[in-house]
file coords-v1.cif (mmCIF, C-alpha atoms and all ligand atoms)
data_my_file
loop_
_atom_site.label_atom_id
_atom_site.label_comp_id
_atom_site.auth_asym_id
_atom_site.auth_seq_id
_atom_site.Cartn_x
_atom_site.Cartn_y
_atom_site.Cartn_z
CA MET N 1 -13.34 14.50 15.20
CA LYS N 2 -9.87 14.59 13.67
CA SER N 3 -9.49 17.91 11.93
CA LEU N 4 -6.81 19.72 9.97
CA GLU N 5 -6.67 22.07 12.96
CA GLU N 6 -5.55 19.20 15.08
CA LEU N 7 -2.97 18.24 12.46
CA ARG N 8 -1.70 21.82 12.57
CA ALA N 9 -1.30 21.50 16.33
CA ILE N 10 0.60 18.24 15.86
CA LYS N 11 2.86 20.03 13.43
CA GLU N 12 3.65 22.80 15.92
CA ARG N 13 4.39 20.28 18.64
CA VAL N 14 6.55 17.91 16.58
CA GLN N 15 8.41 20.69 14.80
CA ASN N 16 9.73 21.99 18.09
CA GLN N 17 11.21 18.70 19.15
CA VAL N 18 14.98 18.78 18.98
CA ALA N 19 16.84 17.32 16.04
CA MET N 20 13.53 16.71 14.37
CA ARG N 21 14.59 15.49 10.93
CA GLU N 22 16.97 12.81 11.93
CA ASP N 23 19.67 11.95 9.44
CA LYS N 24 18.63 8.87 7.48
CA THR N 25 22.01 8.20 5.92
CA GLY N 26 23.30 4.99 7.36
CA ALA N 27 19.75 3.75 7.69
CA LEU N 28 18.63 0.17 7.24
CA ARG N 29 16.05 -0.35 4.52
CA VAL N 30 13.36 -2.98 4.98
CA GLN N 31 11.76 -3.82 1.61
CA VAL N 32 8.64 -5.95 1.58
CA GLY N 33 7.64 -7.49 -1.75
CA MET N 34 4.12 -6.29 -2.59
CA ALA N 35 3.34 -7.78 -5.98
CA THR N 36 0.49 -10.23 -6.51
CA CYS N 37 2.39 -13.28 -5.30
CA GLY N 38 3.56 -11.51 -2.14
CA ILE N 39 0.16 -10.07 -1.26
CA ALA N 40 -1.61 -13.37 -1.87
CA ALA N 41 0.87 -15.05 0.48
CA GLY N 42 0.23 -12.53 3.26
CA ALA N 43 2.66 -9.65 2.67
CA ARG N 44 0.31 -6.89 3.93
CA PRO N 45 0.20 -8.11 7.57
CA VAL N 46 3.98 -8.61 7.40
CA LEU N 47 4.51 -5.03 6.21
CA ASN N 48 2.12 -3.86 8.90
CA ALA N 49 4.04 -5.76 11.60
CA PHE N 50 7.33 -4.12 10.53
CA VAL N 51 5.71 -0.67 10.54
CA GLU N 52 4.09 -1.14 13.94
CA GLU N 53 7.08 -2.69 15.64
CA CYS N 54 9.50 -0.05 14.31
CA THR N 55 7.13 2.70 15.42
CA LYS N 56 6.63 1.12 18.84
CA ARG N 57 10.38 0.87 19.37
CA ASN N 58 10.90 4.33 17.92
CA LEU N 59 13.58 3.09 15.50
CA LYS N 60 14.89 6.17 13.71
CA ASN N 61 17.44 4.51 11.47
CA VAL N 62 15.05 2.14 9.70
CA ILE N 63 13.13 2.86 6.51
CA VAL N 64 10.24 0.46 5.90
CA THR N 65 9.15 0.39 2.30
CA GLN N 66 7.31 -1.73 -0.25
CA THR N 67 8.60 -2.98 -3.54
CA GLY N 68 7.38 -4.93 -6.57
CA CYS N 69 8.06 -8.56 -7.37
CA ILE N 70 11.42 -9.70 -6.02
CA GLY N 71 11.28 -12.68 -8.35
CA ILE N 72 11.16 -15.67 -6.03
CA CYS N 73 7.42 -16.19 -5.80
CA GLN N 74 7.61 -19.62 -4.16
CA PHE N 75 9.26 -17.99 -1.13
CA GLU N 76 6.74 -15.20 -0.57
CA PRO N 77 6.25 -13.18 1.54
CA VAL N 78 9.82 -12.04 0.92
CA VAL N 79 11.54 -9.24 2.85
CA GLU N 80 14.93 -7.76 2.10
CA VAL N 81 16.95 -5.90 4.69
CA VAL N 82 19.52 -3.69 3.03
CA SER N 83 22.21 -1.95 5.04
CA ALA N 84 23.81 1.39 4.17
CA ASP N 85 26.78 -0.31 2.52
CA GLY N 86 24.43 -2.21 0.21
CA GLU N 87 24.66 -5.57 1.95
CA LYS N 88 21.40 -7.44 1.57
CA VAL N 89 19.76 -10.15 3.67
CA THR N 90 16.75 -11.91 2.13
CA TYR N 91 14.14 -13.31 4.50
CA VAL N 92 11.56 -15.72 3.08
CA LYS N 93 8.15 -17.15 3.97
CA MET N 94 7.66 -14.32 6.42
CA THR N 95 4.86 -13.91 8.95
CA PRO N 96 4.04 -11.03 11.35
CA GLU N 97 5.59 -13.06 14.19
CA LYS N 98 8.81 -13.59 12.24
CA ALA N 99 8.81 -9.87 11.38
CA ILE N 100 8.87 -8.97 15.07
CA ARG N 101 11.84 -11.34 15.57
CA VAL N 102 13.69 -9.70 12.66
CA VAL N 103 13.06 -6.22 14.12
CA ASN N 104 14.36 -7.28 17.51
CA ASP N 105 17.33 -9.45 16.51
CA HIS N 106 18.47 -7.91 13.24
CA LEU N 107 17.34 -4.27 13.16
CA VAL N 108 17.88 -3.53 16.84
CA ASN N 109 20.68 -5.90 17.83
CA GLY N 110 22.43 -6.44 14.52
CA ASN N 111 22.10 -10.24 14.48
CA VAL N 112 20.79 -11.75 11.25
CA VAL N 113 18.03 -14.32 11.94
CA THR N 114 19.71 -17.03 9.89
CA GLU N 115 16.88 -19.56 10.17
CA PHE N 116 14.49 -17.24 8.26
CA THR N 117 16.90 -16.43 5.44
CA ILE N 118 16.67 -17.80 1.94
CA GLY N 119 19.90 -19.70 2.47
CA ALA N 120 18.36 -21.77 5.27
CA ASN N 121 15.10 -22.37 3.37
CA SER N 122 16.07 -23.51 -0.09
CA MET Z 123 -7.25 -13.01 -2.57
CA ARG Z 124 -9.54 -12.81 0.41
CA GLU Z 125 -10.14 -9.06 0.45
CA LEU Z 126 -10.66 -6.51 -2.28
CA SER Z 127 -8.44 -4.17 -0.28
CA LEU Z 128 -5.57 -6.60 -1.01
CA HIS Z 129 -6.32 -6.32 -4.73
CA VAL Z 130 -6.18 -2.55 -4.29
CA MET Z 131 -2.73 -2.86 -2.72
CA ASP Z 132 -1.65 -5.00 -5.66
CA ILE Z 133 -3.04 -2.64 -8.33
CA VAL Z 134 -1.54 0.42 -6.63
CA GLN Z 135 1.84 -1.35 -6.55
CA ASN Z 136 1.63 -1.30 -10.37
CA SER Z 137 1.06 2.47 -10.23
CA LEU Z 138 4.06 2.92 -7.94
CA SER Z 139 6.22 0.73 -10.17
CA ALA Z 140 5.10 2.90 -13.10
CA GLY Z 141 6.54 5.92 -11.30
CA ALA Z 142 3.24 7.57 -10.39
CA SER Z 143 3.67 10.60 -8.14
CA LEU Z 144 -0.09 10.74 -7.50
CA THR Z 145 -2.47 7.80 -7.22
CA GLU Z 146 -6.19 8.23 -6.63
CA ILE Z 147 -8.12 5.43 -5.00
CA SER Z 148 -11.86 5.61 -4.70
CA VAL Z 149 -14.39 3.20 -3.28
CA THR Z 150 -17.97 4.16 -4.04
CA GLU Z 151 -20.94 2.19 -2.78
CA GLN Z 152 -24.36 2.92 -4.18
CA GLY Z 153 -27.19 0.54 -3.41
CA LYS Z 154 -26.05 -2.94 -4.37
CA GLN Z 155 -23.01 -1.79 -6.30
CA MET Z 156 -19.48 -1.02 -5.28
CA ALA Z 157 -17.08 0.68 -7.69
CA ILE Z 158 -13.35 0.74 -7.08
CA ALA Z 159 -11.31 3.10 -9.23
CA ILE Z 160 -7.54 3.52 -9.28
CA ILE Z 161 -6.14 6.37 -11.31
CA ASP Z 162 -2.47 7.19 -11.56
CA ASN Z 163 -0.21 9.63 -13.36
CA GLY Z 164 2.53 7.08 -13.99
CA ARG Z 165 4.19 6.28 -17.29
CA GLY Z 166 1.13 4.61 -18.78
CA MET Z 167 0.91 1.92 -21.44
CA SER Z 168 0.48 1.64 -25.19
CA GLN Z 169 -2.85 0.31 -26.49
CA GLU Z 170 -1.17 -2.96 -27.32
CA GLN Z 171 0.18 -3.28 -23.79
CA VAL Z 172 -3.25 -2.56 -22.33
CA LYS Z 173 -4.73 -5.38 -24.36
CA SER Z 174 -2.11 -7.84 -23.25
CA VAL Z 175 -2.54 -6.85 -19.61
CA ILE Z 176 -6.22 -7.75 -19.42
CA ASP Z 177 -5.73 -11.04 -21.19
CA PRO Z 178 -2.76 -12.85 -19.68
CA PHE Z 179 -2.77 -15.29 -22.60
CA PHE Z 180 -2.59 -12.60 -25.23
CA THR Z 181 1.07 -11.83 -25.50
CA THR Z 182 3.53 -11.71 -28.30
CA ARG Z 183 6.43 -11.98 -25.93
CA THR Z 184 8.01 -15.02 -24.45
CA THR Z 185 10.72 -13.21 -22.55
CA ARG Z 186 8.78 -12.04 -19.57
CA LYS Z 187 6.34 -13.80 -17.32
CA VAL Z 188 2.70 -12.87 -17.64
CA GLY Z 189 1.21 -10.65 -14.97
CA LEU Z 190 -1.57 -11.80 -12.69
CA GLY Z 191 -2.49 -8.69 -10.71
CA VAL Z 192 -4.79 -7.00 -13.21
CA PRO Z 193 -6.46 -10.20 -14.55
CA LEU Z 194 -7.25 -11.34 -10.99
CA PHE Z 195 -8.83 -7.99 -10.12
CA LYS Z 196 -10.87 -8.09 -13.33
CA MET Z 197 -12.01 -11.61 -12.54
CA ALA Z 198 -13.00 -10.66 -8.98
CA ALA Z 199 -15.35 -8.02 -10.42
CA GLU Z 200 -16.75 -10.04 -13.30
CA GLN Z 201 -17.51 -13.09 -11.18
CA THR Z 202 -20.00 -10.96 -9.21
CA GLY Z 203 -21.77 -9.96 -12.42
CA GLY Z 204 -19.99 -6.63 -12.37
CA SER Z 205 -17.66 -5.07 -14.89
CA PHE Z 206 -14.09 -3.95 -15.42
CA SER Z 207 -12.39 -1.36 -17.54
CA ILE Z 208 -8.89 -0.11 -18.03
CA SER Z 209 -7.59 2.78 -20.07
CA SER Z 210 -4.12 4.12 -20.34
CA GLU Z 211 -2.05 6.59 -22.23
CA LEU Z 212 1.70 6.52 -22.59
CA GLY Z 213 3.28 9.32 -20.63
CA ALA Z 214 -0.02 10.33 -19.04
CA GLY Z 215 -1.24 7.59 -16.74
CA THR Z 216 -3.61 4.72 -16.21
CA ARG Z 217 -7.17 4.35 -14.97
CA LEU Z 218 -8.78 1.12 -13.81
CA THR Z 219 -12.38 0.77 -12.70
CA ALA Z 220 -13.96 -2.36 -11.30
CA VAL Z 221 -17.65 -2.56 -10.48
CA PHE Z 222 -18.95 -5.24 -8.12
CA GLN Z 223 -22.46 -6.51 -7.45
CA THR Z 224 -22.23 -6.68 -3.69
CA THR Z 225 -25.14 -9.09 -3.26
CA SER Z 226 -23.53 -11.76 -5.43
CA VAL Z 227 -22.49 -14.96 -3.65
CA ASP Z 228 -19.11 -14.51 -5.33
CA MET Z 229 -18.56 -11.06 -3.83
CA ILE Z 230 -15.28 -10.83 -1.93
CA PRO Z 231 -15.47 -8.47 1.06
CA LEU Z 232 -13.71 -5.12 0.79
CA GLY Z 233 -11.79 -5.89 3.98
CA ASP Z 234 -9.45 -3.50 5.69
CA ILE Z 235 -9.11 -0.77 3.07
CA ASN Z 236 -7.90 1.71 5.70
CA SER Z 237 -4.92 -0.56 6.41
CA THR Z 238 -4.05 -0.56 2.71
CA ILE Z 239 -4.25 3.25 2.52
CA SER Z 240 -2.31 3.77 5.74
CA LEU Z 241 0.49 1.43 4.66
CA LEU Z 242 0.70 3.05 1.23
CA ILE Z 243 1.15 6.47 2.80
CA ARG Z 244 3.55 5.26 5.49
CA CYS Z 245 5.79 3.25 3.16
CA ASN Z 246 5.90 5.67 0.23
CA PRO Z 247 6.47 9.07 1.82
CA ASP Z 248 7.65 10.56 -1.48
CA ARG Z 249 4.34 9.77 -3.28
CA ASP Z 250 0.94 11.35 -2.99
CA PHE Z 251 -2.37 9.57 -2.58
CA LEU Z 252 -5.93 10.76 -2.83
CA PHE Z 253 -8.38 8.41 -1.16
CA ARG Z 254 -12.12 8.88 -1.49
CA ARG Z 255 -14.76 6.70 0.09
CA ALA Z 256 -18.45 7.21 -0.54
CA LYS Z 257 -21.61 5.40 0.40
CA ASP Z 258 -25.10 6.36 -0.69
CA GLY Z 259 -24.34 10.07 -0.92
CA LYS Z 260 -22.06 10.41 2.11
CA GLU Z 261 -18.35 10.68 1.48
CA PHE Z 262 -14.95 11.63 2.80
CA THR Z 263 -11.55 12.18 1.28
CA LEU Z 264 -7.96 12.02 2.44
CA ASP Z 265 -5.51 13.92 0.24
CA THR Z 266 -1.85 13.70 1.20
CA ARG Z 267 -1.12 16.88 -0.79
CA GLU Z 268 -3.45 18.76 1.52
CA LEU Z 269 -1.81 17.21 4.60
CA ARG Z 270 1.61 18.22 3.28
CA ARG Z 271 0.43 21.81 2.92
CA VAL Z 272 -0.60 21.83 6.57
CA LEU Z 273 2.60 20.16 7.74
CA GLY Z 274 4.97 22.31 5.72
CA GLU Z 275 8.65 21.48 5.36
CA GLY Z 276 9.38 20.68 8.97
CA VAL Z 277 7.22 17.62 9.60
CA ALA Z 278 7.15 14.51 7.43
CA LEU Z 279 3.96 12.73 6.44
CA ASP Z 280 5.29 9.49 7.88
CA ALA Z 281 6.12 10.93 11.31
CA PRO Z 282 4.52 8.67 13.95
CA GLU Z 283 2.29 11.46 15.29
CA VAL Z 284 1.02 12.22 11.79
CA MET Z 285 0.40 8.56 10.97
CA GLU Z 286 -1.55 8.27 14.19
CA TRP Z 287 -3.72 11.19 13.09
CA ILE Z 288 -4.21 9.63 9.64
CA ASP Z 289 -5.26 6.27 11.09
CA ALA Z 290 -7.68 7.88 13.52
CA TYR Z 291 -9.09 10.11 10.76
CA LEU Z 292 -9.71 7.14 8.47
CA ALA Z 293 -11.38 5.16 11.26
CA GLU Z 294 -13.61 8.05 12.35
CA GLN Z 295 -14.65 9.06 8.87
CA THR Z 296 -15.45 5.49 7.91
CA GLU Z 297 -17.63 5.14 10.97
CA THR Z 298 -19.38 8.38 10.11
CA ILE Z 299 -20.38 7.40 6.59
CA PHE Z 300 -21.59 4.05 7.81
CA GLY Z 301 -23.60 5.68 10.57
CA GLY Z 302 -21.57 3.99 13.27
CA THR Z 303 -22.73 0.54 12.19
CA ILE Z 304 -19.26 -0.91 11.62
N1 LIG R 401 -0.78 1.43 -13.59
C1 LIG R 401 0.07 0.96 -14.52
N2 LIG R 401 0.89 1.80 -15.20
C2 LIG R 401 1.76 1.33 -16.12
N3 LIG R 401 1.88 0.02 -16.46
C3 LIG R 401 1.09 -0.86 -15.83
C4 LIG R 401 0.14 -0.44 -14.83
N4 LIG R 401 -0.51 -1.53 -14.39
C5 LIG R 401 0.01 -2.57 -15.05
N5 LIG R 401 0.97 -2.18 -15.91
C6 LIG R 401 1.75 -3.05 -16.82
O1 LIG R 401 1.07 -4.26 -16.98
C7 LIG R 401 1.86 -5.36 -16.54
C8 LIG R 401 0.99 -6.41 -15.91
O2 LIG R 401 0.47 -5.97 -14.65
P1 LIG R 401 -0.01 -7.06 -13.61
O3 LIG R 401 -0.27 -6.39 -12.32
O4 LIG R 401 -1.15 -7.83 -14.19
O5 LIG R 401 1.23 -8.03 -13.48
P2 LIG R 401 2.68 -7.67 -12.94
O6 LIG R 401 2.63 -6.44 -12.11
O7 LIG R 401 3.62 -7.66 -14.10
O8 LIG R 401 3.01 -8.92 -12.06
P3 LIG R 401 2.18 -9.38 -10.78
O9 LIG R 401 1.50 -10.63 -11.18
O10 LIG R 401 3.18 -9.59 -9.73
O11 LIG R 401 1.22 -8.28 -10.43
C9 LIG R 401 2.89 -4.73 -15.61
O12 LIG R 401 4.08 -5.50 -15.59
C10 LIG R 401 3.11 -3.38 -16.25
O13 LIG R 401 4.02 -3.47 -17.31
MG MG R 402 1.08 -6.19 -10.60
#

call {"tool": "encode", "arguments": {"input": "coords-v1.cif", "output": "structure tokens", "more": "lines below"}}
Ligand SMILES: Nc1ncnc2c1ncn2[C@@H]1O[C@H](COP(=O)(O)OP(=O)(O)OP(=O)(O)O)[C@@H](O)[C@H]1O
Ligand SMILES: [Mg+2]
result
Amino acid sequence: MKSLEELRAIKERVQNQVAMREDKTGALRVQVGMATCGIAAGARPVLNAFVEECTKRNLKNVIVTQTGCIGICQFEPVVEVVSADGEKVTYVKMTPEKAIRVVNDHLVNGNVVTEFTIGANS
Amino acid sequence: MRELSLHVMDIVQNSLSAGASLTEISVTEQGKQMAIAIIDNGRGMSQEQVKSVIDPFFTTRTTRKVGLGVPLFKMAAEQTGGSFSISSELGAGTRLTAVFQTTSVDMIPLGDINSTISLLIRCNPDRDFLFRRAKDGKEFTLDTRELRRVLGEGVALDAPEVMEWIDAYLAEQTETIFGGTI
């Protein structure tokens, strides 16, 4: 059984890893719209795909977060990727499969997936 | 929505938008009833606002769109023959309770509530959550404040190793209260 003892052991182990609290300035923010319209359109599996893929690839400079209504309900699920300098890319009609593409192309390699952006879909 | 756990995500998003630092989520099954309660310490609402929230057509405003999250959750409960209540106080917080008759043909399954809880913790590392699940007298809780006390300053709640522990804990505890039947 998972116990708080085990969590304590995890703490001791992780704490000793070098440069533990990596600097998150300069991080990319991934914001998934989680209001009613987003959730009804499938935002939870999209958020989950971002979380899992970023964890799997051990991406340290990405913050995955949820936000309220982004205001373009007909395009849900909507995901915004915001860079440190405030530049924002809006991805629309997202799916878990598209999320994995965005992680690979945009978050890892720095190439915006133009075909999923709002500009290419409106 | 296809799962009540998606409604929970939706309702908790309201709590987060209201600036809640602590949100309690409880799912209590007793016989043929399931109660879902969400309690937050966010900015709360005036009595007039509360009224307008549960009836999307009752509004004196024309400037903002009506909300759907709370009315849909209320409807999901009432269509099973259950009940819904909401109370709120400005500056103190909000409490919603929905009771479902689980044997109703209109009952929506709870779905993957552990996924909702895990994502909430992972994606809002600056907020606290208290999750309680009970069934016919057995129960477990997950309190992020308690986890933080164990982890101290050095290790974040959303560290991959910690999230792995949280996911495994939720899965194990759920199995335990259901006697390994799910
Ligand atoms: N927990 C809460 N604390 C404070 N205010 C709340 C809370 N829940 C709801 N509200 C208020 O009630 C309004 C309606 O909520 P509701 O979830 O029904 O719709 P919404 O969040 O505005 O939009 P959506 O349809 O995307 O959910 C919110 O905009 C907010 O002002
Ligand atoms: Mg809402």

call {"tool": "residues_around", "arguments": {"input": "coords-v1.cif", "residues": "Ser122 in chain N", "least_positions_apart": "5", "cutoff": "10 Å", "atoms": "all atoms listed in the file", "output": "PyMOL selection string"}}
result
chain N and resi 75+92+117

call {"tool": "interface_residues", "arguments": {"input": "coords-v1.cif", "of": "chain Z", "to": "chain N", "cutoff": "8 Å", "atoms": "only C-alpha atoms", "output": "VMD selection string"}}
result
chain Z and resid 123 128 131 to 132 135 to 136 139 190 to 191 238 241 245 to 246 269 272 to 273 276 to 277 282 to 284 287 290 to 291 294

call {"tool": "residues_around", "arguments": {"input": "coords-v1.cif", "residues": "Lys98 in chain N", "least_positions_apart": "5", "cutoff": "10 Å", "atoms": "all atoms listed in the file", "output": "list in words"}}
result
Val46, Ala49, Phe50, Tyr91, Val92, Lys93, Val103, Asn104, Val113 and Phe116 of chain N

call {"tool": "write_last_selection", "arguments": {"input": "coords-v1.cif", "atoms": "C-alpha atoms", "output": "short mmCIF file (atom, residue, chain, number, x, y, z; two decimals), keeping the file's coordinate frame"}}
result
data_model
loop_
_atom_site.label_atom_id
_atom_site.label_comp_id
_atom_site.auth_asym_id
_atom_site.auth_seq_id
_atom_site.Cartn_x
_atom_site.Cartn_y
_atom_site.Cartn_z
CA VAL N 46 3.98 -8.61 7.40
CA ALA N 49 4.04 -5.76 11.60
CA PHE N 50 7.33 -4.12 10.53
CA TYR N 91 14.14 -13.31 4.50
CA VAL N 92 11.56 -15.72 3.08
CA LYS N 93 8.15 -17.15 3.97
CA VAL N 103 13.06 -6.22 14.12
CA ASN N 104 14.36 -7.28 17.51
CA VAL N 113 18.03 -14.32 11.94
CA PHE N 116 14.49 -17.24 8.26
#

call {"tool": "closest_residue", "arguments": {"input": "coords-v1.cif", "among": "Z:Ala198, Z:Val149, Z:Val192, Z:Leu279", "to": "Arg249 in chain Z", "atoms": "only C-alpha atoms"}}
result
Z:Leu279

call {"tool": "residues_around", "arguments": {"input": "coords-v1.cif", "residues": "Ser127 in chain Z", "least_positions_apart": "3", "cutoff": "9 Å", "atoms": "only C-alpha atoms", "output": "MDAnalysis selection string"}}
result
chainID Z and resid 124 130:132 231:239

call {"tool": "closest_residue", "arguments": {"input": "coords-v1.cif", "among": "N:Val108, N:Ile118, N:Val82, N:Glu76", "to": "Thr95 in chain N", "atoms": "only C-alpha atoms"}}
result
N:Glu76

call {"tool": "atom_distance", "arguments": {"input": "coords-v1.cif", "atom1": "CA of Leu138 in chain Z", "atom2": "CA of Ala199 in chain Z"}}
result
22.4 Å

call {"tool": "residues_around", "arguments": {"input": "coords-v1.cif", "residues": "Val175 in chain Z", "least_positions_apart": "4", "cutoff": "8 Å", "atoms": "only C-alpha atoms", "output": "VMD selection string"}}
result
chain Z and resid 171 189 192 to 193

call {"tool": "residues_around", "arguments": {"input": "coords-v1.cif", "residues": "Asp265 in chain Z", "least_positions_apart": "4", "cutoff": "12 Å", "atoms": "only C-alpha atoms", "output": "number ranges by chain"}}
result
N: 4; Z: 144-148, 239-240, 243, 249-255, 269-272, 279, 288, 291-292

call {"tool": "atom_distance", "arguments": {"input": "coords-v1.cif", "atom1": "CA of Glu200 in chain Z", "atom2": "CA of Leu218 in chain Z"}}
result
13.7 Å

call {"tool": "atom_distance", "arguments": {"input": "coords-v1.cif", "atom1": "CA of Asp85 in chain N", "atom2": "atom O6 of ligand LIG 401 (chain R)"}}
result
28.9 Å

call {"tool": "closest_residue", "arguments": {"input": "coords-v1.cif", "among": "Z:Asp177, Z:Ile158, Z:Leu126, Z:Thr216", "to": "ligand LIG 401 (chain R)", "atoms": "only C-alpha atoms and all ligand atoms"}}
result
Z:Thr216

call {"tool": "axis_aligned_box", "arguments": {"input": "coords-v1.cif", "around": "range 253-256 of chain Z", "padding_each_side": "4 Å", "output": "JSON"}}
result
{"center_x": -13.4, "center_y": 7.8, "center_z": -0.7, "size_x": 18.1, "size_y": 10.2, "size_z": 9.6}

call {"tool": "closest_residue", "arguments": {"input": "coords-v1.cif", "among": "Z:Gln201, Z:Ser143, Z:Thr219, Z:Ser210", "to": "Lys173 in chain Z", "atoms": "all atoms listed in the file"}}
result
Z:Ser210

call {"tool": "closest_residue", "arguments": {"input": "coords-v1.cif", "among": "N:Ala27, N:Asn121, N:Lys88, N:Ile100", "to": "Gln74 in chain N", "atoms": "all atoms listed in the file"}}
result
N:Asn121

call {"tool": "closest_residue", "arguments": {"input": "coords-v1.cif", "among": "N:Ala84, N:Val62, N:Ile70, N:Leu107", "to": "ligand MG 402 (chain R)", "atoms": "all atoms listed in the file"}}
result
N:Ile70

call {"tool": "decode", "arguments": {"input": "coords-v1.cif", "residues": "range 263-277 of chain Z", "atoms": "N, CA and C atoms", "output": "short mmCIF file (atom, residue, chain, number, x, y, z; two decimals), in the first residue's frame"}}
result
data_model
loop_
_atom_site.label_atom_id
_atom_site.label_comp_id
_atom_site.auth_asym_id
_atom_site.auth_seq_id
_atom_site.Cartn_x
_atom_site.Cartn_y
_atom_site.Cartn_z
N THR Z 263 -9.16 9.45 2.22
CA THR Z 263 -8.99 10.86 1.89
C THR Z 263 -7.61 11.09 1.28
N LEU Z 264 -7.52 12.14 0.50
CA LEU Z 264 -6.23 12.61 0.00
C LEU Z 264 -6.23 14.12 0.23
N ASP Z 265 -5.29 14.58 1.05
CA ASP Z 265 -5.25 15.99 1.43
C ASP Z 265 -3.89 16.55 1.01
N THR Z 266 -3.90 17.44 0.04
CA THR Z 266 -2.60 17.93 -0.47
C THR Z 266 -1.84 18.72 0.60
N ARG Z 267 -2.56 19.28 1.59
CA ARG Z 267 -1.85 20.00 2.66
C ARG Z 267 -0.99 19.04 3.46
N GLU Z 268 -1.54 17.84 3.67
CA GLU Z 268 -0.80 16.82 4.41
C GLU Z 268 0.42 16.35 3.61
N LEU Z 269 0.22 16.18 2.28
CA LEU Z 269 1.34 15.77 1.43
C LEU Z 269 2.44 16.83 1.44
N ARG Z 270 2.03 18.09 1.40
CA ARG Z 270 3.01 19.18 1.44
C ARG Z 270 3.84 19.16 2.73
N ARG Z 271 3.17 18.84 3.83
CA ARG Z 271 3.89 18.78 5.11
C ARG Z 271 4.97 17.70 5.06
N VAL Z 272 4.65 16.58 4.44
CA VAL Z 272 5.63 15.50 4.32
C VAL Z 272 6.77 15.92 3.38
N LEU Z 273 6.41 16.56 2.29
CA LEU Z 273 7.41 16.88 1.27
C LEU Z 273 8.29 18.06 1.64
N GLY Z 274 7.80 18.93 2.49
CA GLY Z 274 8.58 20.09 2.89
C GLY Z 274 8.81 21.05 1.73
N GLU Z 275 9.82 21.90 1.87
CA GLU Z 275 10.09 22.94 0.88
C GLU Z 275 10.73 22.38 -0.38
N GLY Z 276 11.52 21.33 -0.20
CA GLY Z 276 12.42 20.90 -1.27
C GLY Z 276 11.77 20.19 -2.44
N VAL Z 277 10.61 19.58 -2.23
CA VAL Z 277 10.02 18.77 -3.30
C VAL Z 277 8.61 19.26 -3.59
#
